[in-house]
Every structure is written in structure tokens, then in C-alpha cells.
file entry_39.csv (CSV, N, CA and C atoms)
chain,number,residue,atom,x,y,z
G,1,GLN,N,327.6,127.7,-34.7
G,1,GLN,CA,326.6,128.3,-34.0
G,1,GLN,C,326.9,128.1,-32.5
G,2,VAL,N,326.9,129.2,-31.8
G,2,VAL,CA,327.2,129.2,-30.3
G,2,VAL,C,325.9,128.9,-29.6
G,3,GLN,N,326.0,127.9,-28.6
G,3,GLN,CA,324.9,127.6,-27.8
G,3,GLN,C,325.3,127.5,-26.3
G,4,LEU,N,324.5,128.0,-25.5
G,4,LEU,CA,324.7,127.9,-24.0
G,4,LEU,C,323.4,127.4,-23.5
G,5,VAL,N,323.4,126.2,-22.9
G,5,VAL,CA,322.2,125.5,-22.4
G,5,VAL,C,322.3,125.3,-20.9
G,6,GLU,N,321.4,126.0,-20.2
G,6,GLU,CA,321.4,125.9,-18.7
G,6,GLU,C,320.5,124.7,-18.3
G,7,SER,N,320.8,124.1,-17.2
G,7,SER,CA,320.0,123.1,-16.6
G,7,SER,C,320.1,123.1,-15.1
G,8,GLY,N,319.2,122.4,-14.4
G,8,GLY,CA,319.4,122.2,-13.0
G,8,GLY,C,318.4,123.1,-12.2
G,9,GLY,N,317.7,124.0,-12.8
G,9,GLY,CA,316.8,124.8,-12.0
G,9,GLY,C,315.6,124.0,-11.5
G,10,GLY,N,314.8,124.6,-10.7
G,10,GLY,CA,313.6,123.9,-10.2
G,10,GLY,C,313.1,124.6,-8.9
G,11,LEU,N,312.2,123.9,-8.2
G,11,LEU,CA,311.6,124.4,-7.0
G,11,LEU,C,312.2,123.8,-5.8
G,12,VAL,N,312.6,124.6,-4.9
G,12,VAL,CA,313.3,124.1,-3.7
G,12,VAL,C,312.8,124.9,-2.5
G,13,GLN,N,312.8,124.3,-1.3
G,13,GLN,CA,312.4,125.0,-0.1
G,13,GLN,C,313.6,125.9,0.4
G,14,ALA,N,313.3,126.9,1.1
G,14,ALA,CA,314.3,127.8,1.7
G,14,ALA,C,315.3,126.9,2.5
G,15,GLY,N,316.5,127.2,2.4
G,15,GLY,CA,317.6,126.5,3.0
G,15,GLY,C,318.1,125.3,2.2
G,16,GLY,N,317.4,125.0,1.1
G,16,GLY,CA,317.9,123.9,0.3
G,16,GLY,C,319.0,124.3,-0.7
G,17,SER,N,319.3,123.4,-1.6
G,17,SER,CA,320.4,123.6,-2.5
G,17,SER,C,320.0,123.2,-3.9
G,18,LEU,N,320.6,123.8,-4.9
G,18,LEU,CA,320.5,123.4,-6.3
G,18,LEU,C,321.9,123.6,-6.9
G,19,ARG,N,322.1,122.8,-8.0
G,19,ARG,CA,323.3,123.0,-8.8
G,19,ARG,C,322.9,123.2,-10.2
G,20,LEU,N,323.3,124.4,-10.7
G,20,LEU,CA,323.0,124.7,-12.1
G,20,LEU,C,324.2,124.4,-13.0
G,21,SER,N,323.9,123.9,-14.2
G,21,SER,CA,325.0,123.7,-15.2
G,21,SER,C,324.7,124.5,-16.4
G,22,CYS,N,325.8,124.8,-17.1
G,22,CYS,CA,325.6,125.5,-18.4
G,22,CYS,C,326.6,124.9,-19.4
G,23,ALA,N,326.1,124.1,-20.3
G,23,ALA,CA,326.9,123.4,-21.3
G,23,ALA,C,327.0,124.3,-22.5
G,24,THR,N,328.2,124.5,-23.0
G,24,THR,CA,328.4,125.3,-24.1
G,24,THR,C,328.9,124.6,-25.3
G,25,SER,N,328.6,125.1,-26.5
G,25,SER,CA,329.2,124.5,-27.7
G,25,SER,C,329.3,125.7,-28.8
G,26,GLY,N,330.2,125.4,-29.7
G,26,GLY,CA,330.3,126.4,-30.8
G,26,GLY,C,331.3,127.6,-30.5
G,27,LEU,N,331.9,127.5,-29.3
G,27,LEU,CA,332.9,128.5,-29.0
G,27,LEU,C,334.1,127.9,-28.3
G,28,THR,N,335.2,128.6,-28.3
G,28,THR,CA,336.4,128.2,-27.6
G,28,THR,C,336.2,128.5,-26.1
G,29,PHE,N,335.6,127.6,-25.4
G,29,PHE,CA,335.2,127.9,-24.0
G,29,PHE,C,336.3,128.4,-23.2
G,30,SER,N,337.5,127.9,-23.3
G,30,SER,CA,338.5,128.3,-22.3
G,30,SER,C,339.0,129.7,-22.4
G,31,ILE,N,338.6,130.4,-23.5
G,31,ILE,CA,339.1,131.8,-23.6
G,31,ILE,C,338.0,132.8,-23.2
G,32,TYR,N,336.8,132.3,-22.8
G,32,TYR,CA,335.7,133.2,-22.4
G,32,TYR,C,335.6,133.3,-20.8
G,33,ARG,N,335.4,134.5,-20.4
G,33,ARG,CA,335.1,134.7,-19.0
G,33,ARG,C,333.6,134.2,-18.9
G,34,MET,N,333.3,133.5,-17.9
G,34,MET,CA,331.9,133.0,-17.8
G,34,MET,C,331.2,133.6,-16.5
G,35,GLY,N,329.9,133.7,-16.6
G,35,GLY,CA,329.2,134.2,-15.5
G,35,GLY,C,327.8,133.7,-15.4
G,36,TRP,N,327.2,133.9,-14.2
G,36,TRP,CA,325.8,133.7,-14.0
G,36,TRP,C,325.1,135.0,-13.7
G,37,PHE,N,324.0,135.2,-14.3
G,37,PHE,CA,323.2,136.4,-14.0
G,37,PHE,C,321.8,135.9,-13.6
G,38,ARG,N,321.0,136.8,-13.0
G,38,ARG,CA,319.6,136.4,-12.7
G,38,ARG,C,318.7,137.6,-12.9
G,39,GLN,N,317.4,137.3,-13.2
G,39,GLN,CA,316.4,138.3,-13.3
G,39,GLN,C,315.1,137.8,-12.6
G,40,ALA,N,314.8,138.6,-11.6
G,40,ALA,CA,313.5,138.3,-10.9
G,40,ALA,C,312.4,139.1,-11.5
G,41,PRO,N,311.2,138.7,-11.3
G,41,PRO,CA,310.0,139.4,-11.9
G,41,PRO,C,310.0,140.9,-11.5
G,42,GLY,N,309.9,141.7,-12.6
G,42,GLY,CA,309.9,143.2,-12.3
G,42,GLY,C,311.2,143.8,-12.0
G,43,LYS,N,312.3,143.1,-12.1
G,43,LYS,CA,313.6,143.6,-11.8
G,43,LYS,C,314.5,143.5,-13.0
G,44,VAL,N,315.6,144.3,-12.9
G,44,VAL,CA,316.6,144.2,-14.0
G,44,VAL,C,317.5,143.0,-13.8
G,45,ARG,N,318.1,142.5,-14.9
G,45,ARG,CA,319.0,141.4,-14.8
G,45,ARG,C,320.2,141.9,-14.0
G,46,GLU,N,320.7,141.0,-13.1
G,46,GLU,CA,321.8,141.4,-12.3
G,46,GLU,C,322.9,140.3,-12.3
G,47,VAL,N,324.1,140.7,-12.2
G,47,VAL,CA,325.2,139.7,-12.1
G,47,VAL,C,325.2,139.0,-10.8
G,48,VAL,N,325.4,137.7,-10.8
G,48,VAL,CA,325.4,136.9,-9.6
G,48,VAL,C,326.9,136.5,-9.3
G,49,THR,N,327.6,136.0,-10.3
G,49,THR,CA,329.0,135.6,-10.1
G,49,THR,C,329.7,135.5,-11.4
G,50,THR,N,331.0,135.6,-11.5
G,50,THR,CA,331.8,135.4,-12.7
G,50,THR,C,333.0,134.6,-12.3
G,51,ILE,N,333.6,134.0,-13.4
G,51,ILE,CA,334.8,133.2,-13.2
G,51,ILE,C,335.7,133.5,-14.4
G,52,SER,N,337.0,133.6,-14.1
G,52,SER,CA,338.0,133.8,-15.1
G,52,SER,C,338.2,132.6,-16.0
G,53,ARG,N,339.0,132.8,-17.1
G,53,ARG,CA,339.2,131.8,-18.1
G,53,ARG,C,339.7,130.5,-17.4
G,54,SER,N,340.7,130.7,-16.6
G,54,SER,CA,341.3,129.5,-16.0
G,54,SER,C,340.6,129.0,-14.8
G,55,GLY,N,339.6,129.8,-14.3
G,55,GLY,CA,338.9,129.4,-13.0
G,55,GLY,C,339.6,129.9,-11.8
G,56,GLY,N,340.7,130.6,-11.9
G,56,GLY,CA,341.5,131.0,-10.8
G,56,GLY,C,341.0,132.2,-10.1
G,57,SER,N,340.1,132.9,-10.7
G,57,SER,CA,339.6,134.2,-10.1
G,57,SER,C,338.1,134.2,-10.2
G,58,THR,N,337.4,134.5,-9.1
G,58,THR,CA,336.0,134.5,-9.1
G,58,THR,C,335.5,135.8,-8.4
G,59,SER,N,334.3,136.2,-8.7
G,59,SER,CA,333.7,137.3,-8.0
G,59,SER,C,332.2,137.0,-7.8
G,60,TYR,N,331.7,137.6,-6.7
G,60,TYR,CA,330.3,137.3,-6.3
G,60,TYR,C,329.6,138.5,-5.9
G,61,ALA,N,328.3,138.6,-6.2
G,61,ALA,CA,327.5,139.6,-5.6
G,61,ALA,C,327.4,139.5,-4.1
G,62,ASP,N,327.3,140.6,-3.4
G,62,ASP,CA,327.3,140.5,-1.9
G,62,ASP,C,326.2,139.6,-1.4
G,63,SER,N,325.1,139.6,-2.1
G,63,SER,CA,323.9,138.9,-1.7
G,63,SER,C,324.1,137.4,-1.7
G,64,VAL,N,325.1,136.9,-2.4
G,64,VAL,CA,325.2,135.4,-2.5
G,64,VAL,C,326.6,134.9,-2.0
G,65,LYS,N,327.4,135.9,-1.5
G,65,LYS,CA,328.7,135.5,-1.0
G,65,LYS,C,328.6,134.5,0.2
G,66,GLY,N,329.4,133.4,0.1
G,66,GLY,CA,329.3,132.4,1.2
G,66,GLY,C,328.2,131.4,1.0
G,67,ARG,N,327.4,131.6,0.0
G,67,ARG,CA,326.3,130.6,-0.2
G,67,ARG,C,326.4,130.0,-1.6
G,68,PHE,N,326.9,130.8,-2.6
G,68,PHE,CA,327.0,130.3,-4.0
G,68,PHE,C,328.4,130.1,-4.3
G,69,THR,N,328.7,129.1,-5.2
G,69,THR,CA,330.0,128.8,-5.7
G,69,THR,C,330.0,128.6,-7.2
G,70,ILE,N,330.8,129.3,-7.9
G,70,ILE,CA,330.9,129.1,-9.4
G,70,ILE,C,332.1,128.3,-9.6
G,71,SER,N,332.1,127.4,-10.6
G,71,SER,CA,333.2,126.6,-11.1
G,71,SER,C,333.1,126.3,-12.5
G,72,ARG,N,334.2,125.9,-13.1
G,72,ARG,CA,334.1,125.6,-14.6
G,72,ARG,C,335.0,124.4,-14.8
G,73,ASP,N,334.6,123.7,-15.9
G,73,ASP,CA,335.4,122.5,-16.4
G,73,ASP,C,335.7,122.8,-17.8
G,74,ASN,N,336.9,123.3,-18.1
G,74,ASN,CA,337.3,123.6,-19.5
G,74,ASN,C,337.3,122.4,-20.4
G,75,ALA,N,337.5,121.3,-19.8
G,75,ALA,CA,337.6,120.0,-20.6
G,75,ALA,C,336.2,119.6,-21.1
G,76,LYS,N,335.2,120.1,-20.3
G,76,LYS,CA,333.8,119.7,-20.6
G,76,LYS,C,333.0,120.9,-21.2
G,77,ASN,N,333.7,122.1,-21.3
G,77,ASN,CA,333.0,123.3,-21.8
G,77,ASN,C,331.8,123.6,-21.0
G,78,THR,N,331.9,123.5,-19.7
G,78,THR,CA,330.7,123.7,-18.9
G,78,THR,C,331.1,124.5,-17.7
G,79,VAL,N,330.1,125.3,-17.3
G,79,VAL,CA,330.3,126.1,-16.0
G,79,VAL,C,329.1,125.7,-15.1
G,80,TYR,N,329.4,125.8,-13.8
G,80,TYR,CA,328.5,125.3,-12.8
G,80,TYR,C,328.2,126.5,-11.8
G,81,LEU,N,327.0,126.3,-11.2
G,81,LEU,CA,326.7,127.2,-10.0
G,81,LEU,C,326.1,126.4,-8.9
G,82,GLN,N,326.9,126.2,-7.9
G,82,GLN,CA,326.4,125.5,-6.7
G,82,GLN,C,325.7,126.5,-5.8
G,83,MET,N,324.4,126.3,-5.5
G,83,MET,CA,323.7,127.3,-4.7
G,83,MET,C,323.2,126.6,-3.4
G,84,ASN,N,323.7,127.1,-2.3
G,84,ASN,CA,323.3,126.5,-1.0
G,84,ASN,C,322.6,127.6,-0.2
G,85,SER,N,321.9,127.1,0.9
G,85,SER,CA,321.2,128.0,1.8
G,85,SER,C,320.3,129.0,1.0
G,86,LEU,N,319.6,128.4,0.1
G,86,LEU,CA,318.8,129.3,-0.8
G,86,LEU,C,317.7,130.0,0.0
G,87,GLU,N,317.4,131.2,-0.5
G,87,GLU,CA,316.4,132.1,0.2
G,87,GLU,C,315.3,132.4,-0.8
G,88,PRO,N,314.1,132.8,-0.4
G,88,PRO,CA,313.1,133.2,-1.3
G,88,PRO,C,313.5,134.3,-2.2
G,89,GLU,N,314.4,135.1,-1.7
G,89,GLU,CA,314.9,136.3,-2.6
G,89,GLU,C,315.8,135.8,-3.7
G,90,ASP,N,316.2,134.6,-3.7
G,90,ASP,CA,317.0,134.0,-4.8
G,90,ASP,C,316.1,133.6,-6.0
G,91,THR,N,314.8,133.6,-5.8
G,91,THR,CA,313.9,133.2,-6.9
G,91,THR,C,314.1,134.2,-8.1
G,92,ALA,N,314.4,133.5,-9.2
G,92,ALA,CA,314.6,134.3,-10.5
G,92,ALA,C,314.9,133.3,-11.6
G,93,VAL,N,315.0,133.9,-12.8
G,93,VAL,CA,315.5,133.1,-13.9
G,93,VAL,C,317.0,133.3,-14.0
G,94,TYR,N,317.7,132.2,-14.0
G,94,TYR,CA,319.2,132.3,-14.0
G,94,TYR,C,319.7,132.1,-15.4
G,95,TYR,N,320.6,133.0,-15.8
G,95,TYR,CA,321.2,133.0,-17.2
G,95,TYR,C,322.7,132.7,-17.1
G,96,CYS,N,323.2,131.9,-18.0
G,96,CYS,CA,324.6,131.7,-18.2
G,96,CYS,C,325.1,132.7,-19.2
G,97,ASN,N,326.3,133.3,-19.0
G,97,ASN,CA,326.9,134.3,-19.9
G,97,ASN,C,328.3,133.9,-20.2
G,98,ALA,N,328.6,134.1,-21.5
G,98,ALA,CA,330.0,133.9,-21.9
G,98,ALA,C,330.5,135.3,-22.5
G,99,ARG,N,331.6,135.8,-22.0
G,99,ARG,CA,332.0,137.1,-22.4
G,99,ARG,C,333.5,137.1,-22.9
G,100,LEU,N,333.7,137.7,-24.0
G,100,LEU,CA,335.1,137.9,-24.6
G,100,LEU,C,335.1,139.3,-25.2
G,101,GLY,N,335.8,140.2,-24.5
G,101,GLY,CA,335.8,141.6,-25.0
G,101,GLY,C,334.4,142.1,-25.0
G,102,ALA,N,334.0,142.6,-26.2
G,102,ALA,CA,332.6,143.2,-26.4
G,102,ALA,C,331.6,142.2,-26.8
G,103,THR,N,332.0,140.9,-26.9
G,103,THR,CA,331.1,139.8,-27.3
G,103,THR,C,330.5,139.1,-26.1
G,104,ASP,N,329.2,139.0,-26.2
G,104,ASP,CA,328.4,138.4,-25.1
G,104,ASP,C,327.5,137.3,-25.8
G,105,TYR,N,327.5,136.1,-25.1
G,105,TYR,CA,326.6,135.1,-25.5
G,105,TYR,C,325.8,134.7,-24.2
G,106,TRP,N,324.5,134.4,-24.5
G,106,TRP,CA,323.6,134.1,-23.4
G,106,TRP,C,322.8,132.8,-23.6
G,107,GLY,N,322.5,132.1,-22.5
G,107,GLY,CA,321.7,131.0,-22.5
G,107,GLY,C,320.2,131.4,-22.5
G,108,GLN,N,319.3,130.5,-22.5
G,108,GLN,CA,317.9,130.8,-22.5
G,108,GLN,C,317.4,131.0,-21.1
G,109,GLY,N,318.1,130.6,-20.1
G,109,GLY,CA,317.7,130.8,-18.8
G,109,GLY,C,317.1,129.5,-18.2
G,110,THR,N,317.2,129.4,-16.9
G,110,THR,CA,316.5,128.3,-16.1
G,110,THR,C,315.9,128.9,-14.9
G,111,GLN,N,314.7,128.5,-14.6
G,111,GLN,CA,313.9,129.1,-13.5
G,111,GLN,C,314.3,128.4,-12.2
G,112,VAL,N,314.6,129.3,-11.2
G,112,VAL,CA,314.8,128.8,-9.8
G,112,VAL,C,313.8,129.5,-8.9
G,113,THR,N,313.1,128.6,-8.2
G,113,THR,CA,312.0,129.1,-7.3
G,113,THR,C,312.3,128.6,-5.9
G,114,VAL,N,312.4,129.5,-5.0
G,114,VAL,CA,312.6,129.1,-3.6
G,114,VAL,C,311.4,129.4,-2.8
G,115,SER,N,310.8,128.4,-2.2
G,115,SER,CA,309.6,128.6,-1.4
G,115,SER,C,310.0,128.8,0.1
G,116,SER,N,309.2,129.6,0.8
G,116,SER,CA,309.5,129.9,2.2
G,116,SER,C,308.7,129.0,3.1

call {"tool": "encode", "arguments": {"input": "entry_39.csv", "output": "C-alpha cells"}}
result
Amino acid sequence: QVQLVESGGGLVQAGGSLRLSCATSGLTFSIYRMGWFRQAPGKVREVVTTISRSGGSTSYADSVKGRFTISRDNAKNTVYLQMNSLEPEDTAVYYCNARLGATDYWGQGTQVTVSS
């Protein structure tokens, strides 16, 4: 059974930082491209950032470039999202995603709320 479990969300003031973690089990983590998505109230889910299997290649949405950093530890089957200089517009539920070809696995999401 594949499981993706996010943690690290919470309430933070604008300008603050949070570090999200996504611990996975039941899959061969190192062969999956990993990503973080987010969904704000009334909006569609959007991709925030992705990372290649080895961690050598990353991509970011323009809105988070220079503020967010994705990383992964294949030995721990975990992907991370370091979020700095948070803005109220970053408020959303953040989801971890594992993708291999047409197969997608999702976590349950963790709430991030940034107050102004």
C-alpha cells in the first residue's frame, strides 16, 4: 500500500518560514519524480515545484522561485519543501505527489496559512 504523509504545515506570519516533509512508503521512492502542489480556496490545484529522481533537476513555479527549495533524501524516502519569505498568497493546502509515467500518488495534504 502506497502512502505519502505530509507534515510541517501550520500558521506563520508573512516573511516567515516553514519546512514541509513528505514521508513515503510502499513504493520504490528513488524511481519516482516528486513534486509539491497546492490548492487555495476556490482555486484549482497548481504545481509548486518538482524534483527529478536523483534530485539533480528541479523546477519551480514563477511565484515561488527564489523563495522555495525542494529537496529529497532517497535513503529516507522523503521529499522536503523549504519555504522562506512566505506571503499571504502562499496560503493553501500543500500536497505531495509521486509520479512515474501515468501513475500518480498523492498525500492527504497539509495546511499552510500565512497571516499578513

call {"tool": "residues_around", "arguments": {"input": "entry_39.csv", "residues": "Gly26 of chain G", "least_positions_apart": "4", "cutoff": "8 Å", "atoms": "all atoms listed in the file", "output": "list in words"}}
result
Gln1, Val2, Gln3 and Leu4 of chain G

call {"tool": "residues_around", "arguments": {"input": "entry_39.csv", "residues": "segment 89-103 of chain G", "least_positions_apart": "3", "cutoff": "6 Å", "atoms": "only C-alpha atoms", "output": "list in words"}}
result
Tyr32, Arg33, Met34, Gly35, Trp36, Phe37, Arg38, Gln39, Ala40, Trp106, Gly107, Gly109, Thr110, Gln111, Val112, Thr113 and Val114 of chain G

call {"tool": "residues_near_point", "arguments": {"input": "entry_39.csv", "point": "(324.6, 125.8, -10.0)", "cutoff": "8 Å", "atoms": "all atoms listed in the file", "output": "JSON, numbers by chain"}}
result
{"G": [7, 8, 9, 18, 19, 20, 21, 22, 68, 69, 70, 71, 79, 80, 81, 82, 83, 84]}

call {"tool": "select_by_dssp", "arguments": {"input": "entry_39.csv", "residues": "chain G", "states": "helix (DSSP H, G or I)", "output": "list in words"}}
result
Phe29, Ser30, Ile31, Pro88, Glu89 and Asp90 of chain G

call {"tool": "atom_distance", "arguments": {"input": "entry_39.csv", "atom1": "atom N of Asp62 of chain G", "atom2": "atom N of Thr24 of chain G"}}
result
25.4 Å

call {"tool": "atom_distance", "arguments": {"input": "entry_39.csv", "atom1": "atom C of Ile31 of chain G", "atom2": "atom CA of Arg53 of chain G"}}
result
5.3 Å

call {"tool": "atom_distance", "arguments": {"input": "entry_39.csv", "atom1": "atom N of Ala23 of chain G", "atom2": "atom N of Thr78 of chain G"}}
result
5.9 Å

call {"tool": "select_by_dssp", "arguments": {"input": "entry_39.csv", "residues": "segment 5-114 of chain G", "states": "strand (DSSP E)", "output": "PyMOL selection string"}}
result
chain G and resi 5-7+10-13+18-25+33-39+46-51+58-60+68-73+78-83+92-100+103-106+110-114

call {"tool": "closest_residue", "arguments": {"input": "entry_39.csv", "among": "G:Arg72, G:Leu86, G:Asn77, G:Glu46", "to": "Tyr60 of chain G", "atoms": "only C-alpha atoms"}}
result
G:Glu46

call {"tool": "closest_residue", "arguments": {"input": "entry_39.csv", "among": "G:Val5, G:Val48, G:Val12, G:Leu27", "to": "Ser63 of chain G", "atoms": "all atoms listed in the file"}}
result
G:Val48

call {"tool": "closest_residue", "arguments": {"input": "entry_39.csv", "among": "G:Ser85, G:Ser25, G:Gly10, G:Ser54", "to": "Gly66 of chain G", "atoms": "all atoms listed in the file"}}
result
G:Ser85

call {"tool": "closest_residue", "arguments": {"input": "entry_39.csv", "among": "G:Ala75, G:Glu6, G:Ala61, G:Ser30", "to": "Thr49 of chain G", "atoms": "all atoms listed in the file"}}
result
G:Ala61

call {"tool": "build_atoms", "arguments": {"input": "entry_39.csv", "residues": "segment 18-35 of chain G", "atoms": "N, CA, C and O atoms", "output": "tab-separated table (two decimals), keeping the file's coordinate frame"}}
result
chain	number	residue	atom	x	y	z
G	18	LEU	N	320.60	123.80	-4.90
G	18	LEU	CA	320.50	123.40	-6.30
G	18	LEU	C	321.90	123.60	-6.90
G	18	LEU	O	322.68	124.46	-6.52
G	19	ARG	N	322.10	122.80	-8.00
G	19	ARG	CA	323.30	123.00	-8.80
G	19	ARG	C	322.90	123.20	-10.20
G	19	ARG	O	322.29	122.36	-10.83
G	20	LEU	N	323.30	124.40	-10.70
G	20	LEU	CA	323.00	124.70	-12.10
G	20	LEU	C	324.20	124.40	-13.00
G	20	LEU	O	325.35	124.48	-12.52
G	21	SER	N	323.90	123.90	-14.20
G	21	SER	CA	325.00	123.70	-15.20
G	21	SER	C	324.70	124.50	-16.40
G	21	SER	O	323.55	124.75	-16.75
G	22	CYS	N	325.80	124.80	-17.10
G	22	CYS	CA	325.60	125.50	-18.40
G	22	CYS	C	326.60	124.90	-19.40
G	22	CYS	O	327.83	125.05	-19.23
G	23	ALA	N	326.10	124.10	-20.30
G	23	ALA	CA	326.90	123.40	-21.30
G	23	ALA	C	327.00	124.30	-22.50
G	23	ALA	O	325.96	124.78	-22.98
G	24	THR	N	328.20	124.50	-23.00
G	24	THR	CA	328.40	125.30	-24.10
G	24	THR	C	328.90	124.60	-25.30
G	24	THR	O	329.51	123.49	-25.20
G	25	SER	N	328.60	125.10	-26.50
G	25	SER	CA	329.20	124.50	-27.70
G	25	SER	C	329.30	125.70	-28.80
G	25	SER	O	328.68	126.71	-28.64
G	26	GLY	N	330.20	125.40	-29.70
G	26	GLY	CA	330.30	126.40	-30.80
G	26	GLY	C	331.30	127.60	-30.50
G	26	GLY	O	331.39	128.50	-31.27
G	27	LEU	N	331.90	127.50	-29.30
G	27	LEU	CA	332.90	128.50	-29.00
G	27	LEU	C	334.10	127.90	-28.30
G	27	LEU	O	334.01	126.75	-27.82
G	28	THR	N	335.20	128.60	-28.30
G	28	THR	CA	336.40	128.20	-27.60
G	28	THR	C	336.20	128.50	-26.10
G	28	THR	O	336.62	129.59	-25.67
G	29	PHE	N	335.60	127.60	-25.40
G	29	PHE	CA	335.20	127.90	-24.00
G	29	PHE	C	336.30	128.40	-23.20
G	29	PHE	O	336.03	129.38	-22.39
G	30	SER	N	337.50	127.90	-23.30
G	30	SER	CA	338.50	128.30	-22.30
G	30	SER	C	339.00	129.70	-22.40
G	30	SER	O	339.68	130.19	-21.52
G	31	ILE	N	338.60	130.40	-23.50
G	31	ILE	CA	339.10	131.80	-23.60
G	31	ILE	C	338.00	132.80	-23.20
G	31	ILE	O	338.20	134.02	-23.20
G	32	TYR	N	336.80	132.30	-22.80
G	32	TYR	CA	335.70	133.20	-22.40
G	32	TYR	C	335.60	133.30	-20.80
G	32	TYR	O	335.76	132.24	-20.14
G	33	ARG	N	335.40	134.50	-20.40
G	33	ARG	CA	335.10	134.70	-19.00
G	33	ARG	C	333.60	134.20	-18.90
G	33	ARG	O	332.76	134.65	-19.71
G	34	MET	N	333.30	133.50	-17.90
G	34	MET	CA	331.90	133.00	-17.80
G	34	MET	C	331.20	133.60	-16.50
G	34	MET	O	331.90	133.96	-15.55
G	35	GLY	N	329.90	133.70	-16.60
G	35	GLY	CA	329.20	134.20	-15.50
G	35	GLY	C	327.80	133.70	-15.40
G	35	GLY	O	327.26	133.13	-16.34
